[in-house]
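K.L.:
Provided herewith is a single structure, encoded as structure tokens, for subsequent inquiry.
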Amino acid sequence: MADIAEIVLCPRCRGEMNWEGNDLSCDCGWRLELSNGFFKMKDEIDGEASYAEFYTEEYYNSDLYDYTGYRLNRILSFARAEEGRRILDLGCGPGELAVRCAKRGSEVYGIDVSKDALRLSAERSAREGVVVNLFEFDGENVPFKDAVFDSIILSDVVEHVEDDTLNLLLRESARLLRPEGRLIIHTSPTKNIIDLTKMLKILSLGMMDLHSRLINPDYEFLHVRYHSMRSLRRLLKKNMLHPVIWGEVQYLSDSKLVKILGRLGLGEIFSDQLWCVALKGRGSLKKIRSNKPYLSLMEPKSEIDLGKCADLYINYGFYHSESDSFRWTMKGCSLFINVPEDRDRLEIELHTSNPDVVEDPLLIDLYLGNRKISRFSLSDMDIKVFRFDIDEEMAPGMTELRLEVDRTFVPKELGMNNDPRELGVAIYRVSIL
């Protein structure tokens, strides 16, 4: 881990900072004083620097603050949180993402305008036994030197700031990123979905009110700007960042209207989440024609542990894992996997808990790309590893692996437990060797 003083700049004069005991100081009189686990800004002339703190400990501990698991895991995957990488969480809040990055071995820095958020982040990192370097932010100057970060995270921040402030954050991100570095953005809800649900509510005389599912009146005052793909792309390109942007549906995923539109290929119109990975350089951006543009950002894997793999490798048909070792499928499922050059077989480890298979074996069709690899069956509930040869003509690279079962079962209906889901099989691991 680098000496912090080597990458920190004075927020006032942009000069070098030097250690004075546990604090960092500049010749201009500005100090970064280590207090409560984070570096607090102090001016030796004017005293403690005071900046607007919009978010308090009460807010972070309330039901208004939401950080669902699928977002966290995806952001860490796109940020490539791993050993040897330096990551900045810009607007770190109480530290969920920063701590998770540190637990994966990254050198992590977090900044925020809220002292409460920084104190909670420091407490969380101490509790988890990891190091996160935390700094108070003055809302204008990010206190680090040029080109020192591999990834910057800007998660659920852009909807809380005006365009002028966001433009500043993006300009600073472009300055701070190393060549081929990446900025990860998540925001919700989107401008499109807000406008569309308002219109639907008016036209249906209030009978179709999806709008209220997106807006919490107790929370809405914190949202100052909703974004569309177009508005976000414009600001990123203005700051010489090359974006890959896509929308997804989460809040409204159970809406019948949204499901129908999705089947018609119009689901993206109702996306309530916006994702973006913006690159400082174009060199690592592969061109992939797909309705899933993030495929161009993925690091291919030829072995996937389904209990622990990032959601971005999942295409469709899996239930969120309730175990550290496997995932249940629906009747059909699909994921993305890498076919290496020197491969000759595919392995899949799975089982079913459906007691009917003893009398009536479960039939499974397995596809790799457009090729059907095999039809095989399960006739008991043991965990099994199946091995199949791969056609020599199969092209290497990122490929879709698809699995279809001839029927599902509902544990609740069989009196096995209270799980009401229609389950296919449980997949533990998929490997191409």
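Letters A, B, ... go to the chains of the structure tokens in the order shown; residues in each chain start at 1; ligands are counted from 1 in the same order.
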Write out as a PyMOL selection string all residues of range 31-239 of chain A that DSSP puts in strand (DSSP E) for this structure's backbone.

P.N.:
chain A and resi 31-35+38-43+47-48+86-90+107-112+132-136+149-155+177-187

K.L.:
Take the residues from that selection and put them in a file with C-alpha atoms, as a CSV table (one decimal), in the first residue's frame.

P.N.:
chain,number,residue,atom,x,y,z
A,31,ARG,CA,-4.4,20.6,7.4
A,32,LEU,CA,-6.0,17.2,7.1
A,33,GLU,CA,-6.5,16.2,10.7
A,34,LEU,CA,-7.0,12.5,11.5
A,35,SER,CA,-10.0,12.3,13.9
A,38,PHE,CA,-11.0,9.9,8.9
A,39,PHE,CA,-9.1,13.0,7.7
A,40,LYS,CA,-11.0,16.1,8.6
A,41,MET,CA,-10.3,19.4,6.8
A,42,LYS,CA,-8.9,22.2,9.0
A,43,ASP,CA,-7.5,25.7,8.1
A,47,GLY,CA,-10.2,27.0,12.0
A,48,GLU,CA,-12.3,23.9,11.1
A,86,ARG,CA,-6.5,1.2,-6.0
A,87,ILE,CA,-10.1,2.2,-5.8
A,88,LEU,CA,-11.9,5.5,-4.8
A,89,ASP,CA,-15.4,5.4,-3.5
A,90,LEU,CA,-16.6,8.9,-4.4
A,107,GLU,CA,-6.3,-0.4,-1.6
A,108,VAL,CA,-9.4,1.7,-0.9
A,109,TYR,CA,-10.0,5.4,-0.4
A,110,GLY,CA,-13.4,7.0,0.4
A,111,ILE,CA,-14.5,10.6,0.5
A,112,ASP,CA,-17.8,12.2,1.5
A,132,VAL,CA,-10.2,2.2,4.3
A,133,ASN,CA,-8.5,5.6,4.0
A,134,LEU,CA,-11.3,8.2,4.5
A,135,PHE,CA,-11.3,11.9,3.7
A,136,GLU,CA,-13.7,14.8,4.2
A,149,PHE,CA,-6.8,5.3,-9.2
A,150,ASP,CA,-7.7,2.2,-11.2
A,151,SER,CA,-11.4,2.5,-10.5
A,152,ILE,CA,-13.7,5.1,-9.1
A,153,ILE,CA,-17.2,4.3,-7.8
A,154,LEU,CA,-20.0,6.9,-8.0
A,155,SER,CA,-22.9,4.9,-6.8
A,177,LEU,CA,-8.2,7.8,-13.3
A,178,ARG,CA,-5.1,6.0,-14.7
A,179,PRO,CA,-5.1,5.2,-18.4
A,180,GLU,CA,-7.7,2.6,-19.1
A,181,GLY,CA,-9.2,3.3,-15.7
A,182,ARG,CA,-13.0,3.0,-15.2
A,183,LEU,CA,-15.7,5.0,-13.5
A,184,ILE,CA,-18.7,3.0,-12.3
A,185,ILE,CA,-22.1,4.8,-12.0
A,186,HIS,CA,-25.4,3.5,-10.7
A,187,THR,CA,-28.5,5.7,-10.4

K.L.:
Tell me, in Å to one decimal, how far CA of Val425 in chain A is from CA of Trp328 in chain A.

P.N.:
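Value for the CA of Val425 in chain A-CA of Trp328 in chain A distance: 5.7 Å.
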
K.L.:
Report the distance between CA of Tyr316 in chain A and CA of Ser231 in chain A in Å, rounded to one decimal place.

P.N.:
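Value for the CA of Tyr316 in chain A-CA of Ser231 in chain A distance: 28.5 Å.
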
K.L.:
List the spatial neighbours of Ser106 in chain A as a compact mmCIF listing (two decimals) with N, CA and C atoms, in the first residue's frame - criterion: any atom at most 8 Å away, only C-alpha atoms, same-chain residues fewer than 6 positions off excluded.

P.N.:
# COMPACT_ATOMS: atom_id res chain seq x y z
N ALA A 81 -12.67 -5.08 -8.11
CA ALA A 81 -12.13 -4.99 -6.75
C ALA A 81 -11.33 -6.26 -6.45
N GLU A 82 -10.02 -6.12 -6.44
CA GLU A 82 -9.14 -7.26 -6.19
C GLU A 82 -7.79 -6.73 -5.74
N GLU A 83 -6.93 -7.64 -5.33
CA GLU A 83 -5.61 -7.26 -4.84
C GLU A 83 -4.82 -6.55 -5.94
N GLY A 84 -4.11 -5.49 -5.55
CA GLY A 84 -3.26 -4.77 -6.48
C GLY A 84 -3.94 -3.59 -7.15
N ARG A 85 -5.23 -3.38 -6.88
CA ARG A 85 -5.94 -2.26 -7.51
C ARG A 85 -6.26 -1.19 -6.46
N ARG A 86 -6.19 0.07 -6.88
CA ARG A 86 -6.49 1.20 -6.01
C ARG A 86 -7.84 1.78 -6.43
N ILE A 87 -8.76 1.84 -5.47
CA ILE A 87 -10.15 2.21 -5.77
C ILE A 87 -10.57 3.38 -4.90

K.L.:
Quick one: of A:Met208, A:Leu279, A:Ile193, A:Cys333, who's nearest to Val249 in chain A, counting only C-alpha atoms?

P.N.:
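Smallest separation from Val249 in chain A among the options: A:Ile193.
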
K.L.:
Need to verify the contact set: Asp360 in chain A, 10 Å, only C-alpha atoms, exclusion of same-chain residues closer than 2 positions in sequence. Can you return it as a list in words?

P.N.:
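Counting only the stated atoms, we get Pro355, Asp356, Val357, Val358, Leu362, Leu363, Ser377, Leu378, Ser379 and Asp380 of chain A.
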
K.L.:
Those residues with C-alpha atoms, as a PDB file, in the first residue's frame please?

P.N.:
ATOM      1  CA  PRO A 355     -38.844 -36.369  -5.280  1.00  0.00           C
ATOM      2  CA  ASP A 356     -40.768 -37.103  -8.511  1.00  0.00           C
ATOM      3  CA  VAL A 357     -37.524 -37.778 -10.390  1.00  0.00           C
ATOM      4  CA  VAL A 358     -37.281 -41.272  -8.886  1.00  0.00           C
ATOM      5  CA  LEU A 362     -36.043 -35.054 -15.176  1.00  0.00           C
ATOM      6  CA  LEU A 363     -34.848 -34.324 -18.719  1.00  0.00           C
ATOM      7  CA  SER A 377     -31.482 -36.926 -17.142  1.00  0.00           C
ATOM      8  CA  LEU A 378     -31.636 -36.898 -13.355  1.00  0.00           C
ATOM      9  CA  SER A 379     -33.260 -39.915 -11.727  1.00  0.00           C
ATOM     10  CA  ASP A 380     -32.336 -39.284  -8.079  1.00  0.00           C
TER      11      ASP A 380
END

K.L.:
Write out as a VMD selection string all residues of range 24-179 of chain A that DSSP puts in alpha helix (DSSP H) for this structure's backbone.

P.N.:
chain A and resid 57 to 60 69 to 78 96 to 103 115 to 128 163 to 176

K.L.:
Pull C-alpha atoms from the residues just selected and write them as a short mmCIF file (atom, residue, chain, number, x, y, z; two decimals), in the first residue's frame.

P.N.:
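File written: selection_9.cif
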data_model
loop_
_atom_site.label_atom_id
_atom_site.label_comp_id
_atom_site.auth_asym_id
_atom_site.auth_seq_id
_atom_site.Cartn_x
_atom_site.Cartn_y
_atom_site.Cartn_z
CA GLU A 57 -26.39 9.20 11.06
CA GLU A 58 -30.17 9.21 11.56
CA TYR A 59 -30.66 9.03 7.78
CA TYR A 60 -28.14 6.21 7.26
CA GLY A 69 -27.13 -6.77 -2.41
CA TYR A 70 -27.36 -7.13 -6.18
CA ARG A 71 -26.10 -3.57 -6.64
CA LEU A 72 -23.14 -4.05 -4.30
CA ASN A 73 -21.95 -7.25 -5.98
CA ARG A 74 -22.26 -5.83 -9.46
CA ILE A 75 -20.41 -2.63 -8.62
CA LEU A 76 -17.55 -4.60 -7.11
CA SER A 77 -17.34 -6.74 -10.23
CA PHE A 78 -17.28 -3.78 -12.60
CA GLU A 96 -20.58 -0.67 2.53
CA LEU A 97 -18.84 -0.63 -0.84
CA ALA A 98 -15.49 0.65 0.41
CA VAL A 99 -15.24 -2.08 3.04
CA ARG A 100 -16.18 -4.81 0.57
CA CYS A 101 -13.53 -3.60 -1.86
CA ALA A 102 -10.95 -3.65 0.96
CA LYS A 103 -11.98 -7.18 1.95
CA LYS A 115 -18.82 13.70 8.76
CA ASP A 116 -21.45 11.25 10.03
CA ALA A 117 -20.97 9.09 6.93
CA LEU A 118 -17.19 9.11 7.34
CA ARG A 119 -17.38 8.23 11.03
CA LEU A 120 -19.75 5.34 10.26
CA SER A 121 -17.38 4.19 7.49
CA ALA A 122 -14.45 4.25 9.91
CA GLU A 123 -16.41 2.24 12.46
CA ARG A 124 -17.45 -0.29 9.83
CA SER A 125 -13.90 -0.79 8.51
CA ALA A 126 -12.56 -1.22 12.05
CA ARG A 127 -15.30 -3.71 12.83
CA GLU A 128 -14.54 -5.69 9.65
CA ASP A 163 -25.51 19.10 -13.19
CA ASP A 164 -22.80 21.65 -12.29
CA THR A 165 -21.71 19.54 -9.33
CA LEU A 166 -21.91 16.31 -11.31
CA ASN A 167 -19.85 17.88 -14.09
CA LEU A 168 -17.19 18.73 -11.46
CA LEU A 169 -17.20 15.16 -10.10
CA LEU A 170 -16.85 13.71 -13.60
CA ARG A 171 -14.06 16.14 -14.48
CA GLU A 172 -12.23 15.16 -11.28
CA SER A 173 -12.80 11.46 -12.02
CA ALA A 174 -11.25 11.83 -15.47
CA ARG A 175 -8.25 13.56 -13.86
CA LEU A 176 -7.84 10.91 -11.15
#

K.L.:
Just how far from CA of Ala79 in chain A is CA of His160 in chain A, in Å to one decimal?

P.N.:
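Pair CA of His160 in chain A / CA of Ala79 in chain A returns 21.6 Å.
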
K.L.:
Tell me which protein, DNA and RNA residues are within 7 Å of range 389-393 of chain A, counting only C-alpha atoms, leaving out same-chain ones fewer than 5 positions away, and put them as a PDB file with C-alpha atoms, in the first residue's frame.

P.N.:
ATOM      1  CA  ASP A 344     -12.047 -30.165 -24.888  1.00  0.00           C
ATOM      2  CA  ARG A 345     -14.823 -30.750 -22.341  1.00  0.00           C
ATOM      3  CA  LEU A 346     -17.598 -29.111 -20.361  1.00  0.00           C
TER       4      LEU A 346
END
